[in-house]
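Participant: One file: structure.cif (mmCIF, C-alpha atoms).
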data_target
loop_
_atom_site.label_atom_id
_atom_site.label_comp_id
_atom_site.auth_asym_id
_atom_site.auth_seq_id
_atom_site.Cartn_x
_atom_site.Cartn_y
_atom_site.Cartn_z
CA MET A 36 -99.25 19.10 153.00
CA PHE A 37 -98.45 19.80 149.42
CA LEU A 38 -95.04 20.38 147.97
CA ILE A 39 -94.81 23.31 145.53
CA VAL A 40 -92.72 22.41 142.45
CA ASN A 41 -91.53 25.05 139.99
CA GLY A 42 -91.23 24.06 136.34
CA GLY A 43 -87.84 23.51 134.70
CA TRP A 44 -86.65 23.47 131.09
CA SER A 45 -85.73 20.35 129.14
CA SER A 46 -82.68 20.24 126.85
CA TRP A 47 -82.89 22.07 123.53
CA THR A 48 -83.98 19.98 120.53
CA SER A 49 -81.52 19.84 117.66
CA GLY A 50 -82.94 21.35 114.48
CA ALA A 51 -81.50 21.26 110.97
CA CYS A 52 -79.64 24.18 109.49
CA ASN A 53 -81.77 25.75 106.75
CA ALA A 54 -78.85 26.91 104.53
CA THR A 55 -79.53 25.62 101.00
CA SER A 56 -76.25 23.89 100.20
CA CYS A 57 -73.44 25.78 101.86
CA GLY A 58 -72.74 28.88 103.89
CA THR A 59 -74.60 30.35 106.83
CA GLY A 60 -78.26 29.96 107.65
CA GLN A 61 -80.51 29.70 110.69
CA LYS A 62 -81.50 26.80 112.85
CA SER A 63 -84.68 26.69 114.91
CA ARG A 64 -84.66 24.81 118.20
CA SER A 65 -87.15 24.31 121.01
CA ARG A 66 -87.32 23.26 124.66
CA TYR A 67 -90.14 22.29 126.96
CA CYS A 68 -91.04 23.24 130.51
CA ASN A 69 -91.30 19.66 131.73
CA ASN A 70 -88.14 18.95 133.69
CA PRO A 71 -89.83 18.90 136.21
CA LEU A 72 -93.38 19.88 135.46
CA LYS A 73 -94.73 22.61 137.70
CA ALA A 74 -96.95 21.31 140.43
CA ASN A 75 -99.11 22.60 143.27
CA GLY A 76 -99.01 26.25 142.17
CA GLY A 77 -95.34 26.26 141.22
CA ALA A 78 -93.91 28.88 138.87
CA ASP A 79 -93.63 28.54 135.11
CA CYS A 80 -90.24 28.31 133.42
CA GLN A 81 -88.50 31.63 132.74
CA GLY A 82 -87.20 32.44 129.21
CA GLU A 83 -88.13 31.62 125.61
CA LYS A 84 -89.45 28.26 124.51
CA ASP A 85 -88.20 28.63 120.87
CA GLU A 86 -85.04 30.18 119.54
CA LEU A 87 -83.32 30.85 116.17
CA ILE A 88 -79.55 30.58 116.08
CA ALA A 89 -77.03 31.12 113.26
CA CYS A 90 -75.48 28.02 111.75
CA VAL A 91 -72.98 27.07 109.02
CA ARG A 92 -73.90 24.13 106.81
CA SER A 93 -70.48 23.88 105.12
CA GLU A 94 -67.89 26.21 103.66
CA CYS A 95 -68.77 27.30 100.15
CA ALA A 96 -66.20 26.78 97.44
CA GLU A 97 -65.01 30.03 95.93
CA GLN A 98 -67.40 30.90 93.15
CA GLN A 99 -65.82 30.98 89.73
CA SER A 100 -66.01 34.11 87.71
CA GLY A 101 -68.65 34.12 85.01
CA ASN A 102 -66.15 35.24 82.35
CA THR A 103 -63.76 32.26 82.64
CA PRO A 104 -65.10 30.58 79.46
CA LEU A 105 -64.69 33.89 77.61
CA VAL A 106 -61.04 34.18 78.67
CA VAL A 107 -60.29 30.55 77.74
CA GLY A 108 -61.99 30.97 74.36
CA THR A 109 -60.05 34.16 73.63
CA VAL A 110 -56.70 32.54 74.47
CA ILE A 111 -57.47 29.51 72.28
CA GLY A 112 -58.55 31.79 69.42
CA ILE A 113 -55.32 33.80 69.60
CA LEU A 114 -53.24 30.61 69.63
CA VAL A 115 -55.05 29.29 66.54
CA ILE A 116 -54.42 32.57 64.68
CA VAL A 117 -50.71 32.56 65.61
CA ILE A 118 -50.34 28.94 64.46
CA LEU A 119 -52.05 29.73 61.13
CA ILE A 120 -49.75 32.71 60.56
CA LEU A 121 -46.69 30.56 61.28
CA ILE A 122 -47.89 27.89 58.85
CA LEU A 123 -48.44 30.52 56.13
CA VAL A 124 -44.98 32.06 56.69
CA ILE A 125 -43.30 28.64 56.53
CA TYR A 126 -45.24 27.74 53.37
CA ALA A 127 -44.37 31.06 51.69
CA LYS A 128 -40.68 30.76 52.59
CA ARG A 129 -40.48 27.21 51.24
CA ARG A 130 -42.23 28.22 48.04
CA TRP A 131 -39.94 31.25 47.63
CA TYR A 132 -36.84 29.14 48.32
CA LYS A 133 -37.99 26.48 45.86
CA SER A 134 -38.52 29.11 43.13
CA LYS A 135 -34.97 30.40 43.68
CA LYS A 136 -33.56 26.94 42.88
CA GLU A 137 -34.24 27.32 39.12
CA THR A 138 -31.45 26.39 36.74
CA ASP A 139 -31.70 29.80 35.09
CA TYR A 140 -29.78 32.71 36.57
CA ASN A 141 -32.01 35.68 37.26
CA ILE A 142 -30.41 39.01 36.40
CA THR A 143 -33.54 41.10 36.83
CA ASP A 144 -37.19 40.28 37.15
CA MET A 145 -37.61 40.41 33.37
CA THR A 146 -34.33 38.97 32.07
CA LYS A 147 -33.08 35.40 32.33
CA VAL A 148 -29.77 34.06 31.13
CA LYS A 149 -29.21 30.48 30.03
CA SER A 150 -25.71 29.17 29.46
CA HIS A 151 -24.72 26.37 27.11
CA VAL A 152 -21.26 24.96 26.46
CA TYR A 153 -20.45 23.44 23.06
CA GLY A 154 -16.92 22.09 23.34
CA LYS A 155 -14.87 25.21 24.09
CA ILE A 156 -17.54 27.59 22.83
CA HIS A 157 -19.76 29.28 25.44
CA VAL A 158 -23.14 30.64 24.36
CA ASN A 159 -25.27 32.83 26.64
CA HIS A 160 -28.90 33.44 25.66
CA ALA A 161 -30.59 36.44 27.25
CA TYR A 162 -34.42 36.43 27.16
CA GLN A 163 -36.84 39.19 28.11
CA ASN A 164 -39.46 36.52 28.64
CA GLU A 165 -39.96 32.94 27.59
CA GLN A 166 -41.55 33.92 24.21
CA GLN A 167 -38.91 36.16 22.65
CA SER A 168 -35.13 36.27 22.62
CA ALA A 169 -33.21 39.51 22.96
CA GLU A 170 -29.54 38.77 22.32
CA VAL A 171 -27.09 35.96 21.95
CA GLU A 172 -23.54 36.34 23.20
CA VAL A 173 -20.84 33.95 21.96
CA PHE A 174 -17.34 33.46 23.39
CA ILE A 175 -15.03 31.40 21.21
CA THR A 176 -11.79 29.94 22.47
CA GLU A 177 -10.89 27.91 19.35
CA ASN A 178 -11.45 28.12 15.64
CA VAL A 179 -15.09 27.69 14.75
CA SER A 180 -16.15 25.23 12.10
CA GLU A 181 -19.16 25.49 9.81
CA THR A 182 -21.26 23.26 12.09
CA PHE A 183 -21.20 25.85 14.86
CA VAL A 184 -22.97 28.34 12.60
CA ASP A 185 -25.70 25.79 12.11
CA ILE A 186 -25.96 25.45 15.89
CA LEU A 187 -26.25 29.22 16.26
CA LYS A 188 -29.00 29.41 13.64
CA ARG A 189 -30.92 26.69 15.42
CA GLU A 190 -30.54 28.48 18.79
CA MET A 191 -31.68 31.82 17.35
CA LYS A 192 -35.05 30.44 16.23
#
The structure in this file should be written as structure tokens.
Facilitator:
Amino acid sequence: MFLIVNGGWSSWTSGACNATSCGTGQKSRSRYCNNPLKANGGADCQGEKDELIACVRSECAEQQSGNTPLVVGTVIGILVIVILILILVIYAKRRWYKSKKETDYNITDMTKVKSHVYGKIHVNHAYQNEQQSAEVEVFITENVSETFVDILKREMK
């Protein structure tokens, strides 16, 4: 007498996930009809021998936008321009302020007045530019001696 034995499936083999580096992919696995083997005219195993199943290798990091370097470069460029403008404004203000500290008193853009005091005599020289003199104004608070005339002649030259 022979005992009829139907075939049975083994456990599934573990295959590797074929996702490249992260994310979902597929995994192939197999099983065999050998637990037990069929014998004496027993039936074959029912179902598929091979199977593909979905798998996840690992979670993918969020992909960065391709225009991030462009945004960073634009922001840095704008900051550099703003800093240069600030430096130019500060330089211009300092230069303008320094030019206003002249000892001459500016009346207009073309006329400068220089004041001199000789004892109690005040002399104001008005110049159109540095090359030529326009007028001399004298205020006398005491009697003028002959030496003052010499001073005036020297100043008029």
Participant: Within 9 Å of A:Gly50, counting only C-alpha atoms, which residues qualify if same-chain residues fewer than 2 places away don't, as a PyMOL selection string?
Facilitator: chain A and resi 48+52-53+62-65
Participant: Based on the selection just made, write C-alpha atoms of those residues as a JSON list (two decimals), in the frame of the given file.
Facilitator:
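Printed below is again21.json as written:
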[["chain", "number", "residue", "atom", "x", "y", "z"],
["A", 48, "THR", "CA", -83.98, 19.98, 120.53],
["A", 52, "CYS", "CA", -79.64, 24.18, 109.49],
["A", 53, "ASN", "CA", -81.77, 25.75, 106.75],
["A", 62, "LYS", "CA", -81.50, 26.80, 112.85],
["A", 63, "SER", "CA", -84.68, 26.69, 114.91],
["A", 64, "ARG", "CA", -84.66, 24.81, 118.20],
["A", 65, "SER", "CA", -87.15, 24.31, 121.01]]
Participant: Report, in Å to a single decimal, how far apart atom CA of A:Gly43 and atom CA of A:Cys80 are.
Facilitator: 5.5 Å
Participant: Can you tell me, as a PyMOL selection string, what residues are no more than 9 Å from A:Ile39 when counting only C-alpha atoms, ignoring any on the same chain fewer than 5 positions away?
Facilitator: chain A and resi 73-78
Participant: Can you spit out the residues from that selection as a PDB file, keeping the file's coordinate frame, using C-alpha atoms?
Facilitator:
ATOM      1  CA  LYS A  73     -94.730  22.610 137.700  1.00  0.00           C
ATOM      2  CA  ALA A  74     -96.950  21.310 140.430  1.00  0.00           C
ATOM      3  CA  ASN A  75     -99.110  22.600 143.270  1.00  0.00           C
ATOM      4  CA  GLY A  76     -99.010  26.250 142.170  1.00  0.00           C
ATOM      5  CA  GLY A  77     -95.340  26.260 141.220  1.00  0.00           C
ATOM      6  CA  ALA A  78     -93.910  28.880 138.870  1.00  0.00           C
TER       7      ALA A  78
END
Participant: What does the distance between atom CA of A:Gly108 and atom CA of A:Ile122 come to in Å, to one decimal place?
Facilitator: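 These two atoms are separated by 21.2 Å.
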Participant: At what distance in Å, to one decimal, does atom CA of A:Asn69 lie from atom CA of A:Lys84?
Facilitator: 11.4 Å
Participant: So that I can see what lies close to A:Gly82, please list as a count of residues only the residues with an atom at most 12 Å from it, counting all atoms listed in the file and leaving out residues fewer than 5 positions away in the same chain.
Facilitator: 7
